[in-house]
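K.L.:
Just so it is clear, I am handing over model.tsv, which has TSV, C-alpha atoms.
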chain	number	residue	atom	x	y	z
A	52	MET	CA	-3.26	7.65	-19.58
A	53	ASN	CA	-2.30	10.57	-21.81
A	54	GLY	CA	-3.09	13.88	-20.20
A	55	THR	CA	-2.63	15.91	-17.06
A	56	TRP	CA	-3.16	14.31	-13.65
A	57	ILE	CA	-3.27	15.89	-10.18
A	58	LEU	CA	-2.60	14.05	-6.92
A	59	ASP	CA	-5.74	13.40	-4.85
A	60	LYS	CA	-4.37	14.03	-1.35
A	61	ARG	CA	-7.52	12.63	0.29
A	62	ARG	CA	-7.08	9.04	-0.94
A	63	GLY	CA	-4.56	6.27	-0.58
A	64	SER	CA	-1.27	7.05	1.12
A	65	PRO	CA	-0.14	10.20	-0.67
A	66	SER	CA	2.70	10.98	1.78
A	67	MET	CA	6.17	10.05	0.57
A	68	ARG	CA	7.47	9.71	4.17
A	69	GLY	CA	7.90	5.92	4.17
A	70	TYR	CA	9.54	6.01	0.75
A	71	LEU	CA	11.99	8.71	1.83
A	72	GLU	CA	12.73	6.94	5.14
A	73	THR	CA	13.57	3.75	3.24
A	74	MET	CA	16.01	5.79	1.12
A	75	GLY	CA	17.70	7.09	4.29
A	76	VAL	CA	16.64	10.73	3.87
A	77	THR	CA	17.00	12.85	7.01
A	78	GLU	CA	13.96	13.71	9.14
A	79	LEU	CA	14.41	17.43	8.46
A	80	ALA	CA	14.37	16.84	4.68
A	81	ILE	CA	11.30	14.58	5.00
A	82	GLU	CA	9.44	17.26	6.98
A	83	ALA	CA	10.31	19.88	4.35
A	84	HIS	CA	9.09	17.52	1.60
A	85	GLU	CA	5.81	16.88	3.44
A	86	LYS	CA	5.26	20.61	4.00
A	87	GLY	CA	5.87	21.30	0.31
A	88	GLU	CA	3.51	18.56	-0.83
A	89	SER	CA	0.78	19.70	1.58
A	90	GLU	CA	0.95	23.30	0.39
A	91	HIS	CA	1.31	22.69	-3.36
A	92	ASP	CA	-0.24	20.35	-5.89
A	93	THR	CA	1.58	17.43	-7.43
A	94	ILE	CA	0.91	17.23	-11.16
A	95	ASN	CA	1.94	14.65	-13.75
A	96	LEU	CA	1.77	15.33	-17.49
A	97	ILE	CA	1.87	12.00	-19.34
A	98	GLU	CA	2.32	10.99	-22.97
A	99	PHE	CA	2.23	7.23	-23.52
A	100	ASP	CA	2.17	5.15	-26.69
A	101	ASP	CA	3.36	1.76	-27.95
A	102	GLU	CA	6.99	2.85	-27.94
A	103	TYR	CA	7.57	5.52	-25.27
A	104	PHE	CA	6.42	6.56	-21.82
A	105	LYS	CA	6.97	10.27	-21.15
A	106	ILE	CA	6.18	12.04	-17.91
A	107	LYS	CA	6.75	15.50	-16.49
A	108	LYS	CA	6.36	15.55	-12.71
A	109	MET	CA	5.79	18.93	-11.08
A	110	SER	CA	5.42	19.76	-7.40
A	111	ARG	CA	6.94	22.03	-4.79
A	112	VAL	CA	9.97	19.72	-4.58
A	113	THR	CA	10.17	18.19	-8.07
A	114	ASP	CA	10.34	19.46	-11.63
A	115	LEU	CA	11.40	16.36	-13.52
A	116	GLY	CA	10.96	15.31	-17.12
A	117	LEU	CA	11.49	11.68	-18.06
A	118	GLU	CA	11.27	9.96	-21.43
A	119	LEU	CA	11.66	6.17	-21.48
A	120	LYS	CA	11.72	3.83	-24.46
A	121	LEU	CA	9.67	0.77	-23.46
A	122	GLY	CA	11.73	-2.38	-22.96
A	123	GLN	CA	15.11	-0.61	-23.14
A	124	GLU	CA	17.16	-0.25	-19.96
A	125	PHE	CA	18.77	3.12	-19.40
A	126	ARG	CA	21.97	3.49	-17.37
A	127	GLN	CA	22.90	6.82	-15.82
A	128	THR	CA	26.24	7.41	-14.11
A	129	LEU	CA	25.82	9.59	-11.03
A	130	PRO	CA	28.51	11.50	-9.12
A	131	GLY	CA	30.99	9.19	-7.42
A	132	GLU	CA	30.74	6.59	-10.23
A	133	ARG	CA	27.40	5.40	-8.84
A	134	VAL	CA	25.00	3.93	-11.42
A	135	LYS	CA	21.21	4.23	-11.70
A	136	THR	CA	19.28	1.96	-14.07
A	137	VAL	CA	15.70	2.45	-15.26
A	138	LEU	CA	13.51	0.06	-17.27
A	139	ALA	CA	9.92	0.76	-18.35
A	140	THR	CA	7.67	-2.04	-19.61
A	141	SER	CA	4.01	-2.36	-20.45
A	142	ASP	CA	1.64	-5.24	-21.14
A	143	ASN	CA	-1.03	-2.70	-22.07
A	144	PRO	CA	0.52	0.45	-23.59
A	145	GLY	CA	-1.46	3.58	-22.88
A	146	LYS	CA	-3.24	1.91	-19.94
A	147	SER	CA	-0.52	0.64	-17.57
A	148	VAL	CA	3.24	0.94	-17.16
A	149	LYS	CA	5.80	-0.57	-14.79
A	150	ILE	CA	9.03	1.35	-14.22
A	151	ILE	CA	11.79	-0.49	-12.36
A	152	SER	CA	14.68	1.60	-11.07
A	153	ARG	CA	17.79	0.53	-9.20
A	154	MET	CA	19.55	3.45	-7.60
A	155	PRO	CA	22.06	4.33	-4.92
A	156	THR	CA	20.57	6.03	-1.88
A	157	MET	CA	21.83	7.57	1.36
A	158	ASN	CA	22.00	4.07	2.90
A	159	GLY	CA	22.74	1.60	0.10
A	160	LEU	CA	21.09	0.43	-3.09
A	161	ALA	CA	17.32	0.65	-3.58
A	162	THR	CA	15.02	-1.06	-6.05
A	163	VAL	CA	11.89	0.92	-6.88
A	164	VAL	CA	8.91	-0.53	-8.75
A	165	ASP	CA	6.57	2.26	-9.88
A	166	THR	CA	3.36	0.92	-11.41
A	167	LYS	CA	0.85	3.30	-12.94
A	168	THR	CA	-2.55	1.93	-14.02
A	169	LEU	CA	-5.72	3.51	-15.33
A	170	GLN	CA	-8.80	2.49	-13.34
A	171	ARG	CA	-12.42	3.36	-14.02
A	172	GLU	CA	-14.54	4.70	-11.16
A	173	GLY	CA	-18.07	5.26	-12.42
A	174	ASN	CA	-17.69	7.44	-15.48
A	175	VAL	CA	-14.26	8.80	-14.52
A	176	LEU	CA	-10.82	7.36	-15.24
A	177	ILE	CA	-8.29	7.73	-12.44
A	178	LEU	CA	-4.58	6.99	-12.39
A	179	VAL	CA	-3.44	4.68	-9.60
A	180	GLN	CA	0.26	4.70	-8.69
A	181	THR	CA	1.72	1.90	-6.59
A	182	LEU	CA	5.26	2.75	-5.55
A	183	VAL	CA	7.27	-0.01	-3.87
A	184	ILE	CA	10.78	0.74	-2.63
A	185	ARG	CA	13.13	-1.87	-1.20
A	186	ASN	CA	16.46	-1.13	0.45
A	187	GLU	CA	18.65	-3.99	-0.74
A	188	ARG	CA	21.07	-3.74	2.18
A	189	SER	CA	18.56	-3.67	5.06
A	190	GLY	CA	15.69	-5.50	3.37
A	191	LYS	CA	13.33	-2.71	4.47
A	192	GLU	CA	10.43	-2.25	2.06
A	193	HIS	CA	7.67	0.33	1.82
A	194	THR	CA	4.61	0.63	-0.43
A	195	THR	CA	2.98	3.97	-1.23
A	196	LEU	CA	-0.42	4.05	-2.96
A	197	ARG	CA	-1.32	7.34	-4.65
A	198	TYR	CA	-4.38	8.34	-6.70
A	199	PHE	CA	-4.35	10.95	-9.44
A	200	VAL	CA	-7.45	12.48	-11.02
A	201	PRO	CA	-7.73	14.28	-14.37
A	202	HIS	CA	-6.73	17.93	-14.18
A	203	GLN	CA	-8.34	20.65	-16.25
A	204	GLY	CA	-7.11	24.19	-16.57
A	205	GLU	CA	-3.88	26.08	-16.25
A	206	ILE	CA	-0.68	24.72	-14.76
A	207	GLY	CA	1.53	27.32	-13.19
A	208	PRO	CA	5.31	27.38	-13.46
A	209	ALA	CA	7.38	25.01	-11.35
A	210	ALA	CA	8.13	26.23	-7.85
A	211	VAL	CA	11.51	27.91	-7.46
A	212	THR	CA	12.23	25.27	-4.79
A	213	ALA	CA	11.67	22.39	-7.23
A	214	LYS	CA	14.67	20.31	-8.20
A	215	GLY	CA	14.95	18.16	-11.28
A	216	THR	CA	16.30	17.61	-14.67
A	217	GLY	CA	15.00	16.73	-18.07
A	218	LEU	CA	16.17	13.22	-18.87
A	219	LYS	CA	15.68	11.52	-22.20
A	220	LEU	CA	16.17	7.87	-21.40
A	221	SER	CA	16.15	6.10	-24.72
Mind turning the file's structure into structure tokens?

P.N.:
Amino acid sequence: MNGTWILDKRRGSPSMRGYLETMGVTELAIEAHEKGESEHDTINLIEFDDEYFKIKKMSRVTDLGLELKLGQEFRQTLPGERVKTVLATSDNPGKSVKIISRMPTMNGLATVVDTKTLQREGNVLILVQTLVIRNERSGKEHTTLRYFVPHQGEIGPAAVTAKGTGLKLS
């Protein structure tokens, strides 16, 4: 799974609309997100070993670095004394990871299960992301299936519109 991966917009359900709706994001913000993702590539740089899962996500709307120690829950206090927790686990380090986050959203608490798995298609390895979000208050749930393919070549700087932070969660 180590390497650089680019979102294949032609496969799966690459739109984040259902995910964002479940979080209670406004329609205007969802439309802006969709426009950004349609016009710019989404790239993940991943380093993964027996102890840590590290990812840098870059797109028009995101520039986020995340480093998680496997099996160790991280707690982050957000503005307003709200708490986000993140736990990464793996039964097959380097090949699959499950990241479970519980976070406050615009309309309550959400649980997100982000599973990334390497899958062979012919002679090519692809990265399959299954993203399941559940709004704990309403019970609404949405699954997004995204495919990433290996990326070769240069990666430009993050878009000036990208938001994010470098988090070391260990």

K.L.:
Taking into account all atoms listed in the file, which residue in the set A:Ile97, A:Met67, A:Val134, A:Met52 is nearest to Thr156 of chain A?

P.N.:
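Checking each candidate against Thr156 of chain A, we get A:Val134 as the closest.
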
K.L.:
Quick check, in Å to one decimal: how far apart do atom CA of Ser141 of chain A and atom CA of Gly122 of chain A lie?

P.N.:
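Straight-line distance from atom CA of Ser141 of chain A to atom CA of Gly122 of chain A works out to 8.1 Å.
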
K.L.:
List every protein, DNA or RNA residue that has an atom no more than 7 Å from (-7.2, 15.8, -14.1) in the file's coordinate frame, counting all atoms listed in the file, and report them as an mmCIF file with C-alpha atoms, in the frame of the given file.

P.N.:
data_model
loop_
_atom_site.group_PDB
_atom_site.id
_atom_site.type_symbol
_atom_site.label_atom_id
_atom_site.label_comp_id
_atom_site.auth_asym_id
_atom_site.auth_seq_id
_atom_site.Cartn_x
_atom_site.Cartn_y
_atom_site.Cartn_z
ATOM 1 C CA THR A 55 -2.630 15.910 -17.060
ATOM 2 C CA TRP A 56 -3.160 14.310 -13.650
ATOM 3 C CA ILE A 57 -3.270 15.890 -10.180
ATOM 4 C CA VAL A 200 -7.450 12.480 -11.020
ATOM 5 C CA PRO A 201 -7.730 14.280 -14.370
ATOM 6 C CA HIS A 202 -6.730 17.930 -14.180
ATOM 7 C CA GLN A 203 -8.340 20.650 -16.250
#

K.L.:
What's the separation between atom CA of Asp101 of chain A and atom CA of Asp142 of chain A, in Å to one decimal place?

P.N.:
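Those two atoms sit 9.9 Å apart.
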
K.L.:
List the neighbours of Phe199 of chain A out to 10 Å using all atoms listed in the file; skip same-chain residues closer than 4 positions along the sequence, and give me the result as a list in words.

P.N.:
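With the cut-off at 10 Å, the set is Thr55, Trp56, Ile57, Leu58, Asp59, Lys60, Arg62, Pro65, Thr93, Ile94, Asn95, Lys167, Leu169, Leu176, Ile177, Leu178, Val179 and Gln180 of chain A.
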
K.L.:
How far is it from atom CA of Leu115 of chain A to atom CA of Glu88 of chain A, in Å with one decimal?

P.N.:
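Distance reported for this atom pair: 15.1 Å.
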
K.L.:
Considering only C-alpha atoms, state which residue in the set A:Thr128, A:Thr77, A:Ser147, A:Gln123 is at the smallest distance from Thr166 of chain A.

P.N.:
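Closest to Thr166 of chain A of all the choices is A:Ser147.
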
K.L.:
Return as JSON the centre and edge lengths, in Å with one decimal, of the box along x, y and z that encloses every atom of segment 111-125 of chain A in the file, padded by 4 Å per side.

P.N.:
{"center_x": 12.9, "center_y": 9.8, "center_z": -14.5, "size_x": 19.8, "size_y": 32.4, "size_z": 27.9}

K.L.:
Under the rule that only C-alpha atoms are counted, which of A:Ser66, A:Thr195, A:Thr140, A:Thr181 is the nearest residue to Gly87 of chain A?

P.N.:
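Among the listed residues, A:Ser66 lies closest to Gly87 of chain A.
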
K.L.:
Check the smallest atom-to-atom distance from each of A:Lys86, A:Glu118, A:Lys105, A:Ala161 to Lys191 of chain A using only C-alpha atoms, then report the winner.

P.N.:
A:Ala161

K.L.:
Considering all atoms listed in the file, can you say which of A:Thr168, A:Val137, A:Leu119, A:Val163 comes closest to Glu192 of chain A?

P.N.:
A:Val163

K.L.:
So, with all atoms listed in the file as the atoms that count, which of A:Ser189, A:Asn53, A:Ser152, A:Thr194 lies closest to Arg126 of chain A?

P.N.:
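Residue with the minimum atom-to-atom distance to Arg126 of chain A: A:Ser152.
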